[in-house]
file structure-v8.tsv (TSV, C-alpha atoms and all ligand atoms)
chain	number	residue	atom	x	y	z
A	1	MET	CA	17.47	9.58	-21.08
A	2	THR	CA	18.60	6.22	-19.83
A	3	MET	CA	19.11	5.56	-16.18
A	4	THR	CA	22.41	4.15	-14.96
A	5	ALA	CA	21.44	1.53	-12.43
A	6	ILE	CA	24.25	-0.15	-10.56
A	7	GLY	CA	24.16	-3.50	-8.82
A	8	ALA	CA	25.53	-3.10	-5.28
A	9	ILE	CA	26.91	-5.76	-2.96
A	10	ASP	CA	27.76	-5.27	0.73
A	11	ILE	CA	29.76	-8.11	2.26
A	12	GLY	CA	29.82	-8.01	6.04
A	13	GLY	CA	30.58	-10.33	8.92
A	14	THR	CA	27.01	-11.46	9.46
A	15	LYS	CA	25.17	-10.70	6.23
A	16	ILE	CA	25.61	-10.14	2.53
A	17	ALA	CA	23.25	-7.56	1.05
A	18	VAL	CA	22.60	-7.05	-2.64
A	19	GLY	CA	20.64	-4.19	-4.17
A	20	ILE	CA	20.08	-1.87	-7.09
A	21	VAL	CA	21.08	1.78	-6.73
A	22	ASP	CA	19.97	4.44	-9.20
A	23	GLU	CA	22.21	7.23	-10.48
A	24	ASN	CA	21.06	9.56	-7.72
A	25	GLY	CA	22.16	7.20	-4.98
A	26	ARG	CA	18.71	5.85	-4.19
A	27	LEU	CA	18.51	2.21	-3.22
A	28	ILE	CA	15.52	0.93	-5.16
A	29	SER	CA	15.59	-2.75	-4.32
A	30	ARG	CA	17.47	-4.98	-1.90
A	31	MET	CA	17.84	-8.55	-0.67
A	32	GLU	CA	20.10	-10.14	1.89
A	33	ALA	CA	21.41	-13.50	3.02
A	34	SER	CA	23.49	-14.75	5.91
A	35	SER	CA	27.26	-14.66	5.32
A	36	LYS	CA	27.29	-18.25	6.61
A	37	ALA	CA	25.55	-19.36	3.40
A	38	ALA	CA	28.56	-18.04	1.47
A	39	GLU	CA	31.30	-19.80	3.43
A	40	ALA	CA	32.53	-21.84	0.48
A	41	TYR	CA	33.60	-19.26	-2.10
A	42	HIS	CA	31.82	-20.79	-5.10
A	43	ASP	CA	28.57	-21.09	-3.12
A	44	GLY	CA	29.02	-17.43	-2.26
A	45	VAL	CA	29.43	-16.38	-5.89
A	46	GLU	CA	26.36	-18.37	-6.88
A	47	LEU	CA	24.30	-16.93	-4.02
A	48	ILE	CA	25.34	-13.35	-4.82
A	49	ALA	CA	24.78	-13.74	-8.58
A	50	ASP	CA	21.36	-15.24	-7.92
A	51	MET	CA	20.35	-12.38	-5.58
A	52	MET	CA	21.68	-9.87	-8.14
A	53	ARG	CA	19.56	-11.36	-10.93
A	54	LYS	CA	16.44	-11.44	-8.75
A	55	THR	CA	16.79	-7.95	-7.37
A	56	SER	CA	17.56	-6.41	-10.76
A	57	ARG	CA	14.65	-8.27	-12.36
A	58	SER	CA	12.35	-6.86	-9.65
A	59	THR	CA	13.26	-3.31	-10.75
A	60	GLY	CA	13.03	-4.01	-14.48
A	61	LEU	CA	16.35	-2.19	-14.93
A	62	GLU	CA	19.48	-3.36	-16.72
A	63	ILE	CA	22.57	-2.88	-14.58
A	64	ALA	CA	25.47	-0.95	-16.13
A	65	GLY	CA	27.96	-2.18	-13.57
A	66	ILE	CA	28.46	-3.79	-10.18
A	67	GLY	CA	30.07	-2.26	-7.09
A	68	ILE	CA	31.21	-4.31	-4.11
A	69	GLY	CA	32.00	-3.06	-0.61
A	70	ALA	CA	33.54	-5.52	1.84
A	71	THR	CA	34.56	-5.48	5.48
A	72	GLY	CA	38.17	-6.44	5.95
A	73	PRO	CA	41.24	-6.32	3.75
A	74	VAL	CA	40.57	-6.11	0.04
A	75	ASP	CA	42.75	-5.02	-2.85
A	76	PRO	CA	40.73	-2.48	-4.83
A	77	PHE	CA	43.02	-2.76	-7.85
A	78	THR	CA	43.40	-6.50	-8.29
A	79	GLY	CA	39.87	-7.05	-6.97
A	80	ARG	CA	41.13	-9.79	-4.64
A	81	PHE	CA	40.11	-10.46	-1.08
A	82	GLY	CA	42.72	-10.60	1.67
A	83	ASP	CA	42.29	-12.72	4.78
A	84	LEU	CA	38.71	-12.11	5.88
A	85	ASP	CA	38.29	-13.60	9.35
A	86	PHE	CA	34.58	-14.22	8.74
A	87	LEU	CA	35.01	-15.78	5.25
A	88	PRO	CA	38.45	-17.43	5.41
A	89	LEU	CA	37.90	-19.49	2.25
A	90	TRP	CA	37.58	-16.30	0.17
A	91	SER	CA	41.21	-15.34	0.65
A	92	GLY	CA	42.87	-14.62	-2.71
A	93	GLU	CA	39.63	-15.02	-4.68
A	94	SER	CA	38.40	-12.32	-7.09
A	95	LEU	CA	34.68	-11.71	-6.98
A	96	VAL	CA	35.40	-8.82	-9.37
A	97	ASP	CA	36.61	-11.20	-12.11
A	98	ASP	CA	33.90	-13.78	-11.46
A	99	LEU	CA	30.98	-11.31	-11.56
A	100	ALA	CA	32.43	-9.40	-14.54
A	101	GLN	CA	32.51	-12.66	-16.45
A	102	ASP	CA	29.03	-13.69	-15.33
A	103	PHE	CA	27.27	-10.34	-15.92
A	104	GLY	CA	29.44	-8.83	-18.68
A	105	VAL	CA	29.73	-5.44	-16.92
A	106	PRO	CA	32.62	-3.63	-15.19
A	107	VAL	CA	32.94	-4.44	-11.46
A	108	ALA	CA	34.60	-2.36	-8.71
A	109	LEU	CA	35.64	-3.45	-5.21
A	110	GLU	CA	36.38	-1.22	-2.21
A	111	ASN	CA	36.73	-1.52	1.53
A	112	ASP	CA	33.22	-0.90	2.90
A	113	ALA	CA	34.14	2.16	4.97
A	114	ASP	CA	35.87	3.73	1.96
A	115	ALA	CA	32.77	2.94	-0.10
A	116	ALA	CA	30.48	4.56	2.49
A	117	ALA	CA	32.82	7.58	2.66
A	118	LEU	CA	32.52	7.99	-1.12
A	119	ALA	CA	28.73	7.75	-0.89
A	120	GLU	CA	28.43	10.29	1.93
A	121	ALA	CA	30.77	12.59	-0.04
A	122	SER	CA	28.64	12.60	-3.16
A	123	TRP	CA	25.10	11.66	-2.13
A	124	GLY	CA	25.02	12.26	1.63
A	125	ALA	CA	26.10	14.53	4.46
A	126	GLY	CA	29.45	15.34	2.82
A	127	ARG	CA	28.15	16.96	-0.35
A	128	SER	CA	30.06	20.18	-1.03
A	129	LYS	CA	32.85	19.12	1.34
A	130	SER	CA	36.10	18.30	-0.41
A	131	ARG	CA	38.10	17.11	2.62
A	132	LEU	CA	36.11	14.81	4.81
A	133	ILE	CA	36.68	11.92	7.12
A	134	TYR	CA	33.95	9.35	7.54
A	135	VAL	CA	34.05	7.49	10.85
A	136	THR	CA	31.90	4.54	11.76
A	137	ILE	CA	31.67	3.57	15.43
A	138	GLY	CA	30.01	0.26	16.20
A	139	THR	CA	31.51	-3.12	17.08
A	140	GLY	CA	34.78	-1.61	15.82
A	141	ILE	CA	35.89	1.79	14.58
A	142	GLY	CA	36.69	2.28	10.92
A	143	GLY	CA	36.57	5.04	8.39
A	144	GLY	CA	37.44	6.46	5.03
A	145	ILE	CA	39.31	9.63	4.16
A	146	ILE	CA	38.49	11.89	1.22
A	147	LEU	CA	41.12	14.56	0.55
A	148	ASP	CA	40.64	17.18	-2.13
A	149	GLY	CA	37.83	15.12	-3.51
A	150	GLN	CA	39.85	11.92	-3.88
A	151	LEU	CA	39.60	8.81	-1.79
A	152	TYR	CA	42.87	8.63	0.10
A	153	ARG	CA	44.70	5.36	-0.50
A	154	GLY	CA	47.89	4.23	1.12
A	155	VAL	CA	50.74	2.34	-0.48
A	156	ASP	CA	49.54	-0.43	-2.83
A	157	GLY	CA	45.98	0.85	-2.38
A	158	ALA	CA	46.00	0.05	1.35
A	159	HIS	CA	43.12	1.28	3.48
A	160	PRO	CA	44.23	3.34	6.52
A	161	GLU	CA	43.08	1.96	9.88
A	162	ILE	CA	41.95	4.99	11.83
A	163	GLY	CA	40.53	2.75	14.58
A	164	HIS	CA	44.05	1.64	15.44
A	165	GLN	CA	45.45	5.04	16.34
A	166	VAL	CA	46.70	4.72	19.91
A	167	VAL	CA	44.93	7.03	22.34
A	168	ASP	CA	46.23	5.52	25.60
A	169	THR	CA	49.49	3.56	25.58
A	170	VAL	CA	48.54	1.74	28.78
A	171	GLY	CA	45.05	0.93	27.51
A	172	PRO	CA	43.66	-2.53	26.77
A	173	PRO	CA	45.54	-4.81	24.36
A	174	CYS	CA	44.26	-4.81	20.78
A	175	SER	CA	44.35	-7.52	18.09
A	176	CYS	CA	46.66	-5.29	16.02
A	177	GLY	CA	49.49	-5.72	18.53
A	178	LEU	CA	49.32	-2.34	20.28
A	179	ASN	CA	47.61	-1.24	23.48
A	180	GLY	CA	44.97	1.41	23.88
A	181	CYS	CA	43.89	1.75	20.25
A	182	TRP	CA	40.91	4.01	19.69
A	183	GLU	CA	38.82	0.98	18.80
A	184	SER	CA	39.82	-0.89	21.96
A	185	LEU	CA	38.66	2.06	24.08
A	186	ALA	CA	35.71	3.55	22.22
A	187	ALA	CA	33.96	0.89	20.11
A	188	GLY	CA	30.72	-0.60	21.49
A	189	PRO	CA	32.32	-3.68	23.09
A	190	ALA	CA	34.77	-1.40	24.95
A	191	MET	CA	31.84	0.42	26.59
A	192	VAL	CA	30.41	-2.91	27.69
A	193	ARG	CA	33.76	-4.20	29.01
A	194	TRP	CA	34.31	-1.03	31.00
A	195	VAL	CA	30.88	-1.11	32.65
A	196	GLU	CA	31.28	-4.80	33.50
A	197	SER	CA	34.65	-4.09	35.13
A	198	GLN	CA	33.25	-1.53	37.56
A	199	PRO	CA	32.73	-2.59	41.20
A	200	GLU	CA	29.17	-1.30	41.30
A	201	TYR	CA	28.14	-3.31	38.25
A	202	SER	CA	25.79	-6.15	39.11
A	203	ALA	CA	25.61	-8.86	36.46
A	204	GLY	CA	22.15	-9.47	35.13
A	205	GLU	CA	20.83	-8.89	31.67
A	206	GLN	CA	23.12	-9.18	28.64
A	207	LEU	CA	24.70	-5.76	28.35
A	208	THR	CA	25.18	-3.96	25.03
A	209	ALA	CA	26.38	-0.48	24.15
A	210	LYS	CA	22.82	0.30	23.04
A	211	ARG	CA	21.48	-0.76	26.45
A	212	ILE	CA	24.09	1.39	28.24
A	213	CYS	CA	22.91	4.40	26.20
A	214	GLU	CA	19.29	3.65	27.12
A	215	LEU	CA	20.21	3.38	30.82
A	216	ALA	CA	22.10	6.67	30.62
A	217	LEU	CA	18.92	8.35	29.35
A	218	THR	CA	17.11	7.11	32.49
A	219	GLY	CA	19.78	8.69	34.70
A	220	ASP	CA	21.61	5.49	35.68
A	221	THR	CA	24.87	6.77	37.21
A	222	LEU	CA	27.14	3.95	36.03
A	223	ALA	CA	25.77	4.25	32.48
A	224	LEU	CA	26.26	8.01	32.60
A	225	ARG	CA	29.89	7.52	33.60
A	226	ALA	CA	30.29	5.08	30.70
A	227	VAL	CA	28.86	7.72	28.36
A	228	ASP	CA	31.27	10.35	29.74
A	229	ARG	CA	34.19	8.00	29.21
A	230	GLU	CA	33.02	7.12	25.70
A	231	THR	CA	32.58	10.83	24.90
A	232	PHE	CA	36.11	11.56	26.08
A	233	TYR	CA	37.71	8.85	23.94
A	234	LEU	CA	35.59	9.67	20.90
A	235	GLY	CA	36.65	13.31	21.30
A	236	ILE	CA	40.35	12.43	21.59
A	237	GLY	CA	40.34	10.24	18.47
A	238	LEU	CA	38.43	12.83	16.45
A	239	ALA	CA	40.70	15.63	17.72
A	240	ASN	CA	43.68	13.60	16.47
A	241	LEU	CA	42.05	13.31	13.03
A	242	VAL	CA	41.41	17.06	12.91
A	243	ASN	CA	44.98	17.84	13.99
A	244	LEU	CA	46.37	15.47	11.36
A	245	PHE	CA	44.11	16.26	8.41
A	246	THR	CA	42.35	19.60	9.09
A	247	PRO	CA	39.21	18.40	7.26
A	248	ASP	CA	36.08	20.35	6.28
A	249	ALA	CA	33.90	17.72	7.86
A	250	LEU	CA	33.87	14.68	10.10
A	251	ILE	CA	30.93	12.46	9.30
A	252	LEU	CA	29.93	10.05	12.05
A	253	SER	CA	28.09	6.81	11.54
A	254	GLY	CA	27.63	3.37	13.13
A	255	SER	CA	25.45	1.93	15.86
A	256	ILE	CA	26.91	4.06	18.68
A	257	MET	CA	25.90	7.18	16.75
A	258	LYS	CA	22.25	6.16	16.95
A	259	SER	CA	22.61	7.71	20.41
A	260	ALA	CA	24.58	10.68	19.09
A	261	ASP	CA	22.67	13.18	21.26
A	262	LEU	CA	24.36	11.70	24.31
A	263	PHE	CA	27.83	12.36	22.92
A	264	LEU	CA	28.05	15.22	20.43
A	265	ASP	CA	28.23	18.25	22.75
A	266	GLY	CA	30.84	16.55	24.92
A	267	ILE	CA	32.86	15.45	21.89
A	268	ARG	CA	32.95	19.05	20.66
A	269	LYS	CA	34.19	20.18	24.09
A	270	VAL	CA	37.04	17.66	24.12
A	271	MET	CA	37.99	18.64	20.58
A	272	ARG	CA	38.04	22.33	21.47
A	273	GLN	CA	40.55	21.57	24.23
A	274	GLY	CA	42.89	19.79	21.85
A	275	CYS	CA	42.69	21.45	18.44
A	276	ARG	CA	43.98	24.93	19.10
A	277	PHE	CA	46.47	25.17	16.25
A	278	VAL	CA	44.14	24.13	13.43
A	279	PRO	CA	40.88	25.66	12.17
A	280	LEU	CA	38.60	23.40	14.21
A	281	GLU	CA	35.67	25.78	13.70
A	282	LYS	CA	35.78	24.92	10.00
A	283	ALA	CA	35.63	21.17	10.64
A	284	GLU	CA	31.94	20.41	10.70
A	285	LEU	CA	31.01	17.51	12.99
A	286	THR	CA	27.97	15.91	11.47
A	287	LEU	CA	26.05	12.66	11.30
A	288	ALA	CA	25.99	10.43	8.23
A	289	SER	CA	22.77	10.80	6.25
A	290	LEU	CA	22.47	7.66	4.15
A	291	GLY	CA	21.18	5.45	6.97
A	292	GLU	CA	21.33	1.69	7.43
A	293	ASP	CA	22.14	0.97	3.80
A	294	ALA	CA	25.07	3.39	3.51
A	295	ASN	CA	27.46	0.52	2.75
A	296	LEU	CA	25.25	-0.80	-0.03
A	297	ILE	CA	24.80	2.66	-1.51
A	298	GLY	CA	28.55	3.11	-1.06
A	299	ALA	CA	29.26	-0.03	-3.07
A	300	ALA	CA	27.41	1.55	-6.00
A	301	ARG	CA	29.22	4.85	-5.46
A	302	ALA	CA	32.55	2.99	-5.56
A	303	TRP	CA	31.58	1.86	-9.06
A	304	HIS	CA	30.84	5.42	-10.19
A	305	TYR	CA	34.08	6.59	-8.61
A	306	ARG	CA	36.04	4.01	-10.55
A	307	PHE	CA	34.28	3.95	-13.90
A	308	ALA	CA	31.96	6.88	-14.40
A	309	ARG	CA	33.39	10.07	-12.98
A	310	ASP	CA	31.42	12.99	-14.29
A	311	SER	CA	31.24	16.67	-13.58
A	312	LYS	CA	28.25	16.42	-11.26
A	313	HIS	CA	30.19	15.44	-8.19
A	314	VAL	CA	32.57	17.27	-5.94
A	315	TYR	CA	35.53	15.02	-6.34
A	316	GLN	CA	35.95	14.97	-10.08
B	1	ZN	ZN	44.66	-1.83	17.36
call {"tool": "encode", "arguments": {"input": "structure-v8.tsv", "output": "structure tokens"}}
result
Amino acid sequence: MTMTAIGAIDIGGTKIAVGIVDENGRLISRMEASSKAAEAYHDGVELIADMMRKTSRSTGLEIAGIGIGATGPVDPFTGRFGDLDFLPLWSGESLVDDLAQDFGVPVALENDADAAALAEASWGAGRSKSRLIYVTIGTGIGGGIILDGQLYRGVDGAHPEIGHQVVDTVGPPCSCGLNGCWESLAAGPAMVRWVESQPEYSAGEQLTAKRICELALTGDTLALRAVDRETFYLGIGLANLVNLFTPDALILSGSIMKSADLFLDGIRKVMRQGCRFVPLEKAELTLASLGEDANLIGAARAWHYRFARDSKHVYQ
């Protein structure tokens, strides 16, 4: 039996990772480079193609296809990038066409959160769940929605922005034009901004959401209040998703969820207060299981989802 190995590419704001993923969702080789080295689009294509050749050579496997996951607006059908704020020169370019030509294999492109949602649904914490919402909480809040086994796409293939649901109309202004978006209140930078705005905060070390979580574990009262506030807003946003979609599972990921123990019980409590008319007890709240390379594994899964649907997976 031959193995279907897929070349995977994860394009993010700070790094571009390239790897080989086997047909069971295992990442068997990976490399990465700084996104800065890919600023000019053609340099980027060359860099990615070079990493792809090296990483696939190191496994001794032929790749049957290439999957790409990218932060920011992408058109999964035309394969073109929208306006990426971290790679502005890529706007309108098609890495799908360029790599397909170079490698002679089919290439798929998805938003990275949609790609990770597909991977968790078939190879991770969402196996056996047909309606799941993947939520990643880090420097922003994003996610992907799988309904009845299909990746939910909006009009023209648009990716829904769950981080921009408004949870407090008099909250902080957000880049999207509204105030009090979930992301502006509950992403990592929001935790930091809130702590720094408190009268008892004394400026010293560079504060991060991770550091606030560490301080909370030592009993620091300001950090504990920040965790309570974060828990409340996470709970509200997730309760909204349950009320809107009544999913089987909510799968949480991202850097804030590395401290999930601080938040999960409280999140469940907030959700119980606000999801009385839907079967909340059937919506499992769980952590993502594919780890740091979920986006890379997701990029490969996006390829399978597009080109190789078979009967082994829930959503076929
Ligand atoms: Zn917003």
call {"tool": "axis_aligned_box", "arguments": {"input": "structure-v8.tsv", "around": "stretch 148-155 of chain A", "padding_each_side": "3 Å", "output": "lines of an AutoDock Vina configuration file"}}
result
center_x = 44.3
center_y = 9.8
center_z = -1.4
size_x = 18.9
size_y = 20.8
size_z = 11.0
call {"tool": "atom_distance", "arguments": {"input": "structure-v8.tsv", "atom1": "atom CA of A:Leu296", "atom2": "atom CA of A:Gly124"}}
result
13.2 Å
call {"tool": "closest_atom_pairs", "arguments": {"input": "structure-v8.tsv", "of": "chain A", "to": "ligand ZN 1 (chain B)", "cutoff": "8 Å", "atoms": "all atoms listed in the file", "output": "Markdown table"}}
result
| residue | atom | partner | partner_atom | distance |
| --- | --- | --- | --- | --- |
| A:Gly163 | CA | B:ZN1 | ZN | 6.8 |
| A:His164 | CA | B:ZN1 | ZN | 4.0 |
| A:Gln165 | CA | B:ZN1 | ZN | 7.0 |
| A:Val166 | CA | B:ZN1 | ZN | 7.3 |
| A:Pro173 | CA | B:ZN1 | ZN | 7.7 |
| A:Cys174 | CA | B:ZN1 | ZN | 4.6 |
| A:Ser175 | CA | B:ZN1 | ZN | 5.7 |
| A:Cys176 | CA | B:ZN1 | ZN | 4.2 |
| A:Gly177 | CA | B:ZN1 | ZN | 6.3 |
| A:Leu178 | CA | B:ZN1 | ZN | 5.5 |
| A:Asn179 | CA | B:ZN1 | ZN | 6.8 |
| A:Gly180 | CA | B:ZN1 | ZN | 7.3 |
| A:Cys181 | CA | B:ZN1 | ZN | 4.7 |
| A:Trp182 | CA | B:ZN1 | ZN | 7.3 |
| A:Glu183 | CA | B:ZN1 | ZN | 6.6 |
| A:Ser184 | CA | B:ZN1 | ZN | 6.7 |
call {"tool": "closest_residue", "arguments": {"input": "structure-v8.tsv", "among": "A:Asn111, A:Thr55, A:Ser197, A:Gln150", "to": "A:Lys129", "atoms": "all atoms listed in the file"}}
result
A:Gln150
call {"tool": "residues_around", "arguments": {"input": "structure-v8.tsv", "residues": "stretch 240-247 of chain A", "least_positions_apart": "2", "cutoff": "8 Å", "atoms": "all atoms listed in the file", "output": "ChimeraX atom specification"}}
result
/A:131-133,147,236-238,249-250,275,277-280,282-283
call {"tool": "closest_atom_pairs", "arguments": {"input": "structure-v8.tsv", "of": "stretch 116-222 of chain A", "to": "stretch 64-87 of chain A", "cutoff": "12 Å", "atoms": "all atoms listed in the file", "output": "JSON lines"}}
result
{"residue": "A:Ala116", "atom": "CA", "partner": "A:Gly69", "partner_atom": "CA", "distance": 8.4}
{"residue": "A:Ala117", "atom": "CA", "partner": "A:Gly69", "partner_atom": "CA", "distance": 11.2}
{"residue": "A:Leu118", "atom": "CA", "partner": "A:Gly69", "partner_atom": "CA", "distance": 11.1}
{"residue": "A:Ala119", "atom": "CA", "partner": "A:Gly69", "partner_atom": "CA", "distance": 11.3}
{"residue": "A:Gly140", "atom": "CA", "partner": "A:Thr71", "partner_atom": "CA", "distance": 11.0}
{"residue": "A:Ile141", "atom": "CA", "partner": "A:Thr71", "partner_atom": "CA", "distance": 11.7}
{"residue": "A:Gly142", "atom": "CA", "partner": "A:Thr71", "partner_atom": "CA", "distance": 9.7}
{"residue": "A:Gly143", "atom": "CA", "partner": "A:Thr71", "partner_atom": "CA", "distance": 11.1}
{"residue": "A:Leu151", "atom": "CA", "partner": "A:Pro76", "partner_atom": "CA", "distance": 11.7}
{"residue": "A:Arg153", "atom": "CA", "partner": "A:Pro76", "partner_atom": "CA", "distance": 9.8}
{"residue": "A:Gly154", "atom": "CA", "partner": "A:Asp75", "partner_atom": "CA", "distance": 11.3}
{"residue": "A:Val155", "atom": "CA", "partner": "A:Asp75", "partner_atom": "CA", "distance": 11.1}
{"residue": "A:Asp156", "atom": "CA", "partner": "A:Asp75", "partner_atom": "CA", "distance": 8.2}
{"residue": "A:Gly157", "atom": "CA", "partner": "A:Pro76", "partner_atom": "CA", "distance": 6.7}
{"residue": "A:Ala158", "atom": "CA", "partner": "A:Asp75", "partner_atom": "CA", "distance": 7.3}
{"residue": "A:His159", "atom": "CA", "partner": "A:Pro73", "partner_atom": "CA", "distance": 7.8}
{"residue": "A:Pro160", "atom": "CA", "partner": "A:Pro73", "partner_atom": "CA", "distance": 10.5}
{"residue": "A:Glu161", "atom": "CA", "partner": "A:Pro73", "partner_atom": "CA", "distance": 10.5}
call {"tool": "write_last_selection", "arguments": {"input": "structure-v8.tsv", "atoms": "C-alpha atoms", "output": "PDB file, keeping the file's coordinate frame"}}
result
ATOM      1  CA  ALA A 116      30.480   4.560   2.490  1.00  0.00           C
ATOM      2  CA  ALA A 117      32.820   7.580   2.660  1.00  0.00           C
ATOM      3  CA  LEU A 118      32.520   7.990  -1.120  1.00  0.00           C
ATOM      4  CA  ALA A 119      28.730   7.750  -0.890  1.00  0.00           C
ATOM      5  CA  GLY A 140      34.780  -1.610  15.820  1.00  0.00           C
ATOM      6  CA  ILE A 141      35.890   1.790  14.580  1.00  0.00           C
ATOM      7  CA  GLY A 142      36.690   2.280  10.920  1.00  0.00           C
ATOM      8  CA  GLY A 143      36.570   5.040   8.390  1.00  0.00           C
ATOM      9  CA  LEU A 151      39.600   8.810  -1.790  1.00  0.00           C
ATOM     10  CA  ARG A 153      44.700   5.360  -0.500  1.00  0.00           C
ATOM     11  CA  GLY A 154      47.890   4.230   1.120  1.00  0.00           C
ATOM     12  CA  VAL A 155      50.740   2.340  -0.480  1.00  0.00           C
ATOM     13  CA  ASP A 156      49.540  -0.430  -2.830  1.00  0.00           C
ATOM     14  CA  GLY A 157      45.980   0.850  -2.380  1.00  0.00           C
ATOM     15  CA  ALA A 158      46.000   0.050   1.350  1.00  0.00           C
ATOM     16  CA  HIS A 159      43.120   1.280   3.480  1.00  0.00           C
ATOM     17  CA  PRO A 160      44.230   3.340   6.520  1.00  0.00           C
ATOM     18  CA  GLU A 161      43.080   1.960   9.880  1.00  0.00           C
TER      19      GLU A 161
END
call {"tool": "closest_atom_pairs", "arguments": {"input": "structure-v8.tsv", "of": "stretch 102-170 of chain A", "to": "stretch 298-301 of chain A", "cutoff": "10 Å", "atoms": "all atoms listed in the file", "output": "tab-separated table"}}
result
residue	atom	partner	partner_atom	distance
A:Val107	CA	A:Ala300	CA	9.8
A:Ala108	CA	A:Ala299	CA	8.1
A:Leu109	CA	A:Ala299	CA	7.5
A:Glu110	CA	A:Ala299	CA	7.3
A:Asn111	CA	A:Ala299	CA	8.9
A:Asp112	CA	A:Ala299	CA	7.2
A:Ala113	CA	A:Gly298	CA	8.3
A:Asp114	CA	A:Gly298	CA	7.9
A:Ala115	CA	A:Gly298	CA	4.3
A:Ala116	CA	A:Gly298	CA	4.3
A:Ala117	CA	A:Gly298	CA	7.2
A:Leu118	CA	A:Gly298	CA	6.3
A:Ala119	CA	A:Gly298	CA	4.6
A:Glu120	CA	A:Gly298	CA	7.8
A:Ala121	CA	A:Arg301	CA	9.6
A:Ser122	CA	A:Arg301	CA	8.1
A:Trp123	CA	A:Arg301	CA	8.6
call {"tool": "atom_distance", "arguments": {"input": "structure-v8.tsv", "atom1": "atom CA of A:Asp148", "atom2": "atom CA of A:Glu284"}}
result
15.8 Å
call {"tool": "closest_residue", "arguments": {"input": "structure-v8.tsv", "among": "A:Lys210, A:His42, A:Lys54, A:Lys36", "to": "A:Ile256", "atoms": "all atoms listed in the file"}}
result
A:Lys210
call {"tool": "closest_residue", "arguments": {"input": "structure-v8.tsv", "among": "A:Ser94, A:Thr231, A:Ser58, A:Gln198", "to": "A:Gly44", "atoms": "only C-alpha atoms"}}
result
A:Ser94
call {"tool": "atom_distance", "arguments": {"input": "structure-v8.tsv", "atom1": "atom CA of A:Lys269", "atom2": "atom CA of A:Met257"}}
result
17.1 Å
call {"tool": "decode", "arguments": {"input": "structure-v8.tsv", "residues": "stretch 16-30 of chain A", "atoms": "N, CA and C atoms", "output": "PDB file, in the first residue's frame"}}
result
ATOM      1  N   ILE A  16       6.909  31.136   8.610  1.00  0.00           N
ATOM      2  CA  ILE A  16       6.314  30.245   7.614  1.00  0.00           C
ATOM      3  C   ILE A  16       6.876  28.861   7.903  1.00  0.00           C
ATOM      4  N   ALA A  17       5.995  27.907   8.181  1.00  0.00           N
ATOM      5  CA  ALA A  17       6.443  26.538   8.443  1.00  0.00           C
ATOM      6  C   ALA A  17       6.050  25.656   7.266  1.00  0.00           C
ATOM      7  N   VAL A  18       6.909  24.688   6.989  1.00  0.00           N
ATOM      8  CA  VAL A  18       6.668  23.740   5.899  1.00  0.00           C
ATOM      9  C   VAL A  18       6.925  22.347   6.455  1.00  0.00           C
ATOM     10  N   GLY A  19       6.086  21.387   6.119  1.00  0.00           N
ATOM     11  CA  GLY A  19       6.302  20.047   6.647  1.00  0.00           C
ATOM     12  C   GLY A  19       5.674  18.989   5.771  1.00  0.00           C
ATOM     13  N   ILE A  20       5.869  17.747   6.178  1.00  0.00           N
ATOM     14  CA  ILE A  20       5.265  16.611   5.483  1.00  0.00           C
ATOM     15  C   ILE A  20       4.348  15.909   6.488  1.00  0.00           C
ATOM     16  N   VAL A  21       3.108  15.675   6.066  1.00  0.00           N
ATOM     17  CA  VAL A  21       2.114  15.068   6.949  1.00  0.00           C
ATOM     18  C   VAL A  21       1.650  13.764   6.306  1.00  0.00           C
ATOM     19  N   ASP A  22       1.667  12.690   7.082  1.00  0.00           N
ATOM     20  CA  ASP A  22       1.252  11.401   6.503  1.00  0.00           C
ATOM     21  C   ASP A  22      -0.274  11.286   6.508  1.00  0.00           C
ATOM     22  N   GLU A  23      -0.780  10.167   5.977  1.00  0.00           N
ATOM     23  CA  GLU A  23      -2.233  10.093   5.778  1.00  0.00           C
ATOM     24  C   GLU A  23      -3.011   9.898   7.073  1.00  0.00           C
ATOM     25  N   ASN A  24      -2.282   9.710   8.184  1.00  0.00           N
ATOM     26  CA  ASN A  24      -2.949   9.638   9.483  1.00  0.00           C
ATOM     27  C   ASN A  24      -2.835  10.938  10.274  1.00  0.00           C
ATOM     28  N   GLY A  25      -2.366  11.984   9.604  1.00  0.00           N
ATOM     29  CA  GLY A  25      -2.284  13.276  10.275  1.00  0.00           C
ATOM     30  C   GLY A  25      -1.042  13.454  11.114  1.00  0.00           C
ATOM     31  N   ARG A  26      -0.053  12.592  10.915  1.00  0.00           N
ATOM     32  CA  ARG A  26       1.195  12.762  11.678  1.00  0.00           C
ATOM     33  C   ARG A  26       2.169  13.629  10.897  1.00  0.00           C
ATOM     34  N   LEU A  27       2.703  14.626  11.606  1.00  0.00           N
ATOM     35  CA  LEU A  27       3.710  15.491  10.991  1.00  0.00           C
ATOM     36  C   LEU A  27       5.036  14.757  11.088  1.00  0.00           C
ATOM     37  N   ILE A  28       5.638  14.418   9.943  1.00  0.00           N
ATOM     38  CA  ILE A  28       6.843  13.590  10.027  1.00  0.00           C
ATOM     39  C   ILE A  28       8.120  14.364   9.735  1.00  0.00           C
ATOM     40  N   SER A  29       7.990  15.603   9.334  1.00  0.00           N
ATOM     41  CA  SER A  29       9.185  16.407   9.108  1.00  0.00           C
ATOM     42  C   SER A  29       8.745  17.855   9.013  1.00  0.00           C
ATOM     43  N   ARG A  30       9.565  18.774   9.513  1.00  0.00           N
ATOM     44  CA  ARG A  30       9.174  20.191   9.398  1.00  0.00           C
ATOM     45  C   ARG A  30      10.375  21.112   9.361  1.00  0.00           C
TER      46      ARG A  30
END
